[in-house]
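This is model.txt (compact mmCIF, C-alpha atoms).
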# COMPACT_ATOMS: atom_id res chain seq x y z
CA MET C 1 89.95 76.54 76.12
CA LYS C 2 90.17 73.13 74.48
CA LEU C 3 88.45 70.20 76.19
CA PRO C 4 91.09 67.59 77.02
CA ILE C 5 89.95 64.15 75.82
CA PHE C 6 93.05 62.06 76.51
CA CYS C 7 94.83 61.45 79.82
CA PRO C 8 98.11 63.40 79.82
CA SER C 9 99.69 60.59 81.85
CA CYS C 10 98.69 57.38 80.02
CA ASP C 11 96.89 58.64 76.85
CA SER C 12 93.69 56.74 77.72
CA SER C 13 90.31 58.32 76.96
CA LEU C 14 89.13 60.66 79.75
CA ASN C 15 85.67 60.43 81.36
CA VAL C 16 83.58 63.29 82.75
CA SER C 17 83.56 63.28 86.58
CA GLN C 18 82.05 66.66 87.36
CA MET C 19 79.65 69.15 85.80
CA LYS C 20 78.66 72.51 87.17
CA CYS C 21 75.74 74.84 86.54
CA GLY C 22 77.09 78.22 85.46
CA GLN C 23 74.04 79.97 86.95
CA CYS C 24 73.56 78.57 90.48
CA GLU C 25 76.89 76.70 90.83
CA THR C 26 75.16 73.34 91.50
CA THR C 27 77.74 70.61 90.98
CA VAL C 28 76.97 67.09 89.67
CA ASN C 29 79.52 64.37 90.29
CA GLY C 30 79.63 61.00 88.57
CA ASN C 31 81.46 58.97 85.97
CA TYR C 32 80.15 59.73 82.49
CA ASP C 33 81.56 58.64 79.13
CA LEU C 34 82.31 61.41 76.68
CA PRO C 35 79.94 61.46 73.68
CA LEU C 36 81.48 59.81 70.59
CA TYR C 37 81.94 63.14 68.78
CA LEU C 38 84.02 64.50 71.68
CA LYS C 39 86.27 61.43 71.63
CA LEU C 40 87.61 62.57 68.26
CA SER C 41 90.59 64.90 67.97
CA HIS C 42 89.93 68.62 67.43
CA GLU C 43 90.99 68.33 63.75
CA GLU C 44 88.54 65.46 63.26
CA GLN C 45 85.74 67.41 64.97
CA ASP C 46 86.50 70.39 62.71
CA PHE C 47 86.43 68.08 59.70
CA ILE C 48 82.92 66.84 60.59
CA LEU C 49 81.74 70.39 61.27
CA ASN C 50 83.10 71.61 57.92
CA PHE C 51 81.47 68.65 56.18
CA PHE C 52 78.14 69.63 57.73
CA LEU C 53 78.58 73.33 56.88
CA SER C 54 79.42 72.54 53.25
CA SER C 55 76.12 70.61 52.95
CA GLY C 56 77.86 67.26 52.91
CA SER C 57 79.88 68.02 49.79
CA ILE C 58 83.40 66.56 49.80
CA LYS C 59 84.06 68.42 46.55
CA GLU C 60 83.24 71.75 48.22
CA MET C 61 85.43 70.86 51.22
CA SER C 62 88.36 69.94 48.98
CA LYS C 63 88.01 73.31 47.21
CA GLN C 64 88.07 75.17 50.53
CA ALA C 65 91.05 73.18 51.85
CA GLU C 66 92.87 73.44 48.47
CA LEU C 67 93.26 69.66 48.36
CA SER C 68 92.28 67.19 45.67
CA TYR C 69 88.96 65.34 45.83
CA PRO C 70 90.47 61.85 46.42
CA THR C 71 92.66 63.23 49.25
CA MET C 72 89.60 64.65 51.00
CA ARG C 73 87.54 61.49 50.34
CA ASN C 74 90.39 59.37 51.81
CA LYS C 75 90.36 61.56 54.97
CA MET C 76 86.63 61.01 55.18
CA ASP C 77 86.96 57.23 54.74
CA ASP C 78 89.68 57.08 57.43
CA LEU C 79 87.46 59.05 59.81
CA ILE C 80 84.46 56.78 59.10
CA GLU C 81 86.65 53.76 59.88
CA LYS C 82 87.84 55.37 63.14
CA ILE C 83 84.27 56.20 64.22
CA ASN C 84 83.12 52.64 63.42
CA GLN C 85 85.95 51.29 65.60
CA LEU C 86 85.04 53.69 68.42
CA LYS C 87 81.38 52.60 68.18
CA LYS C 88 82.43 48.95 68.40
CA SER C 89 84.60 49.60 71.46
CA VAL C 90 81.78 51.43 73.32
CA MET Z 1 103.64 76.82 47.40
CA MET Z 2 105.36 73.78 45.91
CA ASN Z 3 107.16 71.57 48.36
CA TRP Z 4 108.77 68.13 48.15
CA LYS Z 5 105.54 66.41 49.16
CA ILE Z 6 103.69 67.98 46.23
CA ILE Z 7 106.56 67.29 43.80
CA PHE Z 8 106.42 63.58 44.62
CA ASN Z 9 102.64 63.45 45.09
CA PRO Z 10 100.90 66.15 43.03
CA PHE Z 11 97.68 64.08 43.37
CA LEU Z 12 97.28 65.40 46.94
CA LYS Z 13 96.71 68.97 45.87
CA PHE Z 14 95.81 69.43 42.21
CA THR Z 15 92.28 68.90 40.90
CA GLU Z 16 91.52 66.08 38.45
CA ARG Z 17 90.99 68.63 35.68
CA GLN Z 18 94.41 70.29 36.20
CA LEU Z 19 96.13 66.89 36.29
CA LEU Z 20 94.28 65.68 33.19
CA ILE Z 21 95.16 68.79 31.15
CA PHE Z 22 98.82 68.57 32.21
CA GLY Z 23 98.95 64.80 31.57
CA LEU Z 24 97.31 65.06 28.12
CA LEU Z 25 99.58 67.95 27.14
CA PHE Z 26 102.67 65.86 27.87
CA PHE Z 27 101.06 62.78 26.28
CA PHE Z 28 101.00 64.69 22.97
CA ILE Z 29 104.47 66.22 23.52
CA ASN Z 30 105.90 62.75 24.23
CA GLY Z 31 104.07 61.31 21.20
CA PHE Z 32 105.68 63.90 18.91
CA ILE Z 33 109.13 63.51 20.49
CA GLY Z 34 108.83 59.70 20.23
CA TYR Z 35 108.01 60.07 16.53
CA TYR Z 36 110.95 62.46 16.04
CA ALA Z 37 113.30 60.10 17.93
CA GLY Z 38 111.99 57.02 16.07
CA ILE Z 39 110.95 55.34 19.32
CA LYS Z 40 107.63 53.80 20.31
CA MET Z 41 106.29 53.30 23.82
CA ASP Z 42 105.26 49.62 23.82
CA SER Z 43 104.23 49.77 27.49
CA ILE Z 44 104.47 52.37 30.20
CA PHE Z 45 108.15 52.81 31.26
CA HIS Z 46 109.35 50.86 28.19
CA PHE Z 47 110.51 52.00 24.76
CA SER Z 48 111.64 50.24 21.60
CA PRO Z 49 112.58 51.36 18.06
CA LEU Z 50 109.72 52.50 15.83
CA LYS Z 51 110.08 50.51 12.60
CA ASN Z 52 107.66 52.47 10.41
CA SER Z 53 108.25 56.12 11.18
CA ASP Z 54 104.63 57.23 11.19
CA LEU Z 55 103.15 59.77 13.59
CA ALA Z 56 99.82 57.91 13.81
CA ILE Z 57 101.60 54.65 14.72
CA ALA Z 58 103.74 56.42 17.37
CA PHE Z 59 100.54 57.78 18.94
CA PHE Z 60 98.76 54.44 18.60
CA TYR Z 61 101.44 52.71 20.70
CA CYS Z 62 101.48 55.54 23.28
CA GLY Z 63 97.68 55.44 23.53
CA PHE Z 64 97.51 51.65 23.73
CA SER Z 65 100.15 51.54 26.52
CA VAL Z 66 98.27 54.15 28.57
CA VAL Z 67 94.81 52.59 28.01
CA PHE Z 68 96.07 49.09 28.87
CA ALA Z 69 97.71 50.30 32.10
CA VAL Z 70 94.61 52.32 33.04
CA ILE Z 71 92.27 49.33 32.52
CA VAL Z 72 94.43 46.93 34.58
CA LEU Z 73 95.09 49.43 37.40
CA PHE Z 74 91.44 50.54 37.49
CA ILE Z 75 90.27 46.93 37.94
CA LEU Z 76 92.86 46.51 40.71
CA GLY Z 77 91.76 49.81 42.27
CA ILE Z 78 88.11 48.73 42.28
CA ILE Z 79 89.10 45.45 43.99
CA PHE Z 80 90.96 47.42 46.72
CA ASN Z 81 88.39 50.21 47.10
CA ASN Z 82 85.06 50.34 45.28
CA LYS Z 83 85.09 54.17 45.46
CA THR Z 84 88.10 54.34 43.09
CA ARG Z 85 87.42 56.67 40.17
CA LEU Z 86 88.60 56.07 36.60
CA ILE Z 87 89.73 59.70 36.21
CA ASP Z 88 92.14 59.37 39.19
CA ILE Z 89 93.74 56.21 37.74
CA LEU Z 90 93.95 57.82 34.28
CA ASN Z 91 95.66 60.87 35.82
CA ALA Z 92 98.09 58.66 37.78
CA VAL Z 93 99.14 56.87 34.57
CA LEU Z 94 99.32 60.06 32.46
CA ILE Z 95 101.28 62.06 35.05
CA SER Z 96 103.71 59.15 35.63
CA GLN Z 97 104.59 59.36 31.90
CA VAL Z 98 105.15 63.14 31.83
CA PHE Z 99 108.94 62.90 32.08
CA ASN Z 100 109.36 60.45 29.19
CA PHE Z 101 110.63 63.21 26.91
CA PRO Z 102 114.15 63.45 28.47
CA ILE Z 103 114.43 59.64 28.09
CA LEU Z 104 113.31 59.80 24.45
CA LEU Z 105 115.66 62.68 23.67
CA ALA Z 106 118.60 60.97 25.43
CA THR Z 107 117.93 57.79 23.40
CA LYS Z 108 118.02 59.83 20.18
CA LEU Z 109 121.05 61.97 21.09
CA ILE Z 110 123.20 59.12 22.44
CA ASP Z 111 122.20 56.73 19.59
CA LEU Z 112 121.53 53.91 21.99
CA GLU Z 113 120.39 51.59 19.18
CA LYS Z 114 123.94 51.59 17.70
CA ILE Z 115 125.54 50.78 21.08
CA THR Z 116 123.03 48.03 21.99
CA GLY Z 117 123.35 46.64 18.44
CA LYS Z 118 127.11 46.25 18.98
CA ALA Z 119 126.53 44.61 22.37
CA MET Z 120 123.93 42.20 20.91
CA GLN Z 121 126.35 41.07 18.20
CA ASN Z 122 129.11 40.59 20.79
CA LEU Z 123 131.18 43.29 19.09
CA HIS Z 124 133.85 45.09 21.03
CA LEU Z 125 132.42 48.16 22.81
CA GLU Z 126 134.69 51.16 22.74
CA PHE Z 127 135.45 53.16 25.86
CA THR Z 128 133.38 56.10 24.56
CA ASP Z 129 130.42 53.72 24.05
CA LEU Z 130 130.62 52.67 27.70
CA ILE Z 131 130.83 56.30 28.84
CA LEU Z 132 127.81 57.15 26.67
CA LEU Z 133 125.93 54.18 28.11
CA LEU Z 134 126.67 55.37 31.66
CA VAL Z 135 125.61 58.92 30.77
CA PHE Z 136 122.39 57.50 29.29
CA ILE Z 137 121.66 55.50 32.45
CA GLY Z 138 122.55 58.53 34.62
CA ILE Z 139 120.06 60.70 32.70
CA THR Z 140 117.19 58.23 32.30
CA LEU Z 141 117.19 56.24 35.55
CA PRO Z 142 116.15 59.14 37.85
CA PHE Z 143 113.26 59.98 35.50
CA ILE Z 144 112.09 56.33 35.39
CA ILE Z 145 112.27 56.08 39.21
CA TYR Z 146 110.41 59.41 39.52
CA GLY Z 147 107.75 58.12 37.11
CA ILE Z 148 107.26 54.94 39.15
CA VAL Z 149 107.03 57.01 42.38
CA LEU Z 150 104.39 59.23 40.73
CA LEU Z 151 102.40 56.18 39.56
CA TYR Z 152 102.54 54.61 43.03
CA ASN Z 153 101.52 57.84 44.78
CA GLY Z 154 98.75 58.47 42.24
CA PHE Z 155 97.39 54.94 42.69
CA ARG Z 156 97.69 55.17 46.47
CA THR Z 157 95.79 58.49 46.54
CA ALA Z 158 93.11 57.14 44.17
CA THR Z 159 92.54 53.93 46.14
CA ASN Z 160 93.57 54.87 49.72
CA ILE Z 161 95.69 51.70 50.04
CA LYS Z 162 97.78 51.47 53.21
CA SER Z 163 98.68 47.89 54.06
CA TRP Z 164 101.93 46.36 52.83
CA LYS Z 165 99.94 43.49 51.24
CA GLU Z 166 98.04 45.88 48.98
CA ILE Z 167 101.27 47.72 48.10
CA ALA Z 168 103.00 44.42 47.28
CA ILE Z 169 100.07 43.32 45.06
CA PHE Z 170 100.23 46.68 43.27
CA ALA Z 171 103.98 46.22 42.63
CA VAL Z 172 103.48 42.64 41.35
CA VAL Z 173 100.58 43.66 39.07
CA LEU Z 174 102.61 46.60 37.72
CA PHE Z 175 105.60 44.42 36.84
CA ILE Z 176 103.34 41.77 35.26
CA LEU Z 177 101.35 44.27 33.22
CA LEU Z 178 104.48 45.72 31.57
CA PRO Z 179 105.65 42.54 29.74
CA ILE Z 180 102.02 41.59 28.91
CA CYS Z 181 101.47 45.02 27.32
CA GLN Z 182 104.79 44.70 25.44
CA SER Z 183 103.77 41.23 24.16
CA ILE Z 184 100.40 42.54 22.93
CA SER Z 185 102.15 45.55 21.33
CA TYR Z 186 104.50 43.14 19.56
CA ILE Z 187 101.49 41.34 18.01
CA PHE Z 188 100.45 44.59 16.22
CA ARG Z 189 103.82 44.70 14.38
CA LEU Z 190 103.09 48.16 13.01

Will you turn the file into structure tokens for me?
Amino acid sequence: MKLPIFCPSCDSSLNVSQMKCGQCETTVNGNYDLPLYLKLSHEEQDFILNFFLSSGSIKEMSKQAELSYPTMRNKMDDLIEKINQLKKSV
Amino acid sequence: MMNWKIIFNPFLKFTERQLLIFGLLFFFINGFIGYYAGIKMDSIFHFSPLKNSDLAIAFFYCGFSVVFAVIVLFILGIIFNNKTRLIDILNAVLISQVFNFPILLATKLIDLEKITGKAMQNLHLEFTDLILLLVFIGITLPFIIYGIVLLYNGFRTATNIKSWKEIAIFAVVLFILLPICQSISYIFRL
């Protein structure tokens, strides 16, 4: 199941209000911000994961995705810009 | 699988090596066809008659036009994005010139020089001349537009430009570099 990160009603970022222990069923209620990584879309999270798994090589990632190097580098630059904006807004 | 996106922006998918080999192959094909047609490329997207029919001179003009465009666009690319690579700009220029050969062949087959010569001397153009002129425009214009689209998409992929200001500056620089390159080419008088 995919973790929803945006409100289906107004598209705002969702917060965590409840967490539950899978073992003893203790429930914690509160209002927690999602970590920055989880505020990204699933494609963007996959992109970061793939970048990590290919030892930080954009060239290797572009080979795997059958895209050119500048296309992959542009995706990376756009993602860096988005993360910087998210960091500023936090 | 090839789709419209790849046809208009091959820089998204193909590696720099594939693009360079393809671009260089057509650079030489266009150089030979230009020599055969008696036409020199005095800037990218511009052709004029080759006075001294010499293969080396035909290639010199082709090479100069490409190198001049690459230098200007690379400097512009670096200003927009310091991660711009020379190879990506070179490929954008080379690939944008791939479809010069139908233009060169059409110029040779239609004998455009004779028709424009008549027009320059204010001589009466015959109906067949006008038809030939229209056929020439009909053949060459789509290839020139396609070339410009390829150059824009290649530059955009190499530099990651997005804003309309950057796109407008690119267009202005492109249309300034063409007459400057033609003027420098004219100085050689080869």

Skipping near chain neighbours, those fewer than 6 positions away, what residues fall within 7 Å of Thr157 in chain Z using all atoms listed in the file, listed as an NGL selection string?
(:C and (70-71)) or (:Z and (11))

One decimal, in Å: what's the spacing between CA of Ala171 in chain Z and CA of Asn81 in chain Z?
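Interatomic distance here is 16.7 Å.
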
Have a look at CA of Gly22 in chain C and CA of Lys2 in chain C and let me know their distance in Å, one decimal.
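Spanning CA of Gly22 in chain C to CA of Lys2 in chain C is a straight-line distance of 17.8 Å.
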
Give me the residues of chain C that have any atom at most 8 Å from an atom of chain Z; for each, the nearest atom pair and the distance in Å, rounded to one decimal. Use all atoms listed in the file, sort by chain and number, and format it as a Markdown table.
| residue | atom | partner | partner_atom | distance |
| --- | --- | --- | --- | --- |
| C:Glu66 | CA | Z:Lys13 | CA | 6.4 |
| C:Leu67 | CA | Z:Lys13 | CA | 4.3 |
| C:Ser68 | CA | Z:Lys13 | CA | 4.8 |
| C:Tyr69 | CA | Z:Thr15 | CA | 6.9 |
| C:Pro70 | CA | Z:Ala158 | CA | 5.8 |
| C:Thr71 | CA | Z:Leu12 | CA | 5.6 |
| C:Asn74 | CA | Z:Asn160 | CA | 5.9 |

Could you please determine the separation between CA of Gly147 in chain Z and CA of Val93 in chain Z in Å, to one decimal place?
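Taking CA of Gly147 in chain Z and CA of Val93 in chain Z, their separation equals 9.1 Å.
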
Point (104.9, 63.7, 37.9), cut-off 7 Å, counting all atoms listed in the file, residues as a PyMOL selection string
chain Z and resi 8+10+95-96+98+147+150

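Neighbourhood of point (99.2, 69.1, 30.5): residues with an atom at most 12 Å away, counting only C-alpha atoms, are Glu16, Arg17, Gln18, Leu19, Leu20, Ile21, Phe22, Gly23, Leu24, Leu25, Phe26, Phe27, Phe28, Ile29, Asn30, Asn91, Leu94, Ile95, Gln97, Val98 and Phe99 of chain Z.
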
Kindly export the residues of the current selection with C-alpha atoms, as a short mmCIF file (atom, residue, chain, number, x, y, z; two decimals), in the coordinates of the input.
data_model
loop_
_atom_site.label_atom_id
_atom_site.label_comp_id
_atom_site.auth_asym_id
_atom_site.auth_seq_id
_atom_site.Cartn_x
_atom_site.Cartn_y
_atom_site.Cartn_z
CA GLU Z 16 91.52 66.08 38.45
CA ARG Z 17 90.99 68.63 35.68
CA GLN Z 18 94.41 70.29 36.20
CA LEU Z 19 96.13 66.89 36.29
CA LEU Z 20 94.28 65.68 33.19
CA ILE Z 21 95.16 68.79 31.15
CA PHE Z 22 98.82 68.57 32.21
CA GLY Z 23 98.95 64.80 31.57
CA LEU Z 24 97.31 65.06 28.12
CA LEU Z 25 99.58 67.95 27.14
CA PHE Z 26 102.67 65.86 27.87
CA PHE Z 27 101.06 62.78 26.28
CA PHE Z 28 101.00 64.69 22.97
CA ILE Z 29 104.47 66.22 23.52
CA ASN Z 30 105.90 62.75 24.23
CA ASN Z 91 95.66 60.87 35.82
CA LEU Z 94 99.32 60.06 32.46
CA ILE Z 95 101.28 62.06 35.05
CA GLN Z 97 104.59 59.36 31.90
CA VAL Z 98 105.15 63.14 31.83
CA PHE Z 99 108.94 62.90 32.08
#

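Among Z:Phe155, Z:Asn52, Z:Tyr186, Z:Leu141, the residue with the shortest atom-to-atom distance to Leu86 in chain Z, counting all atoms listed in the file, is Z:Phe155.
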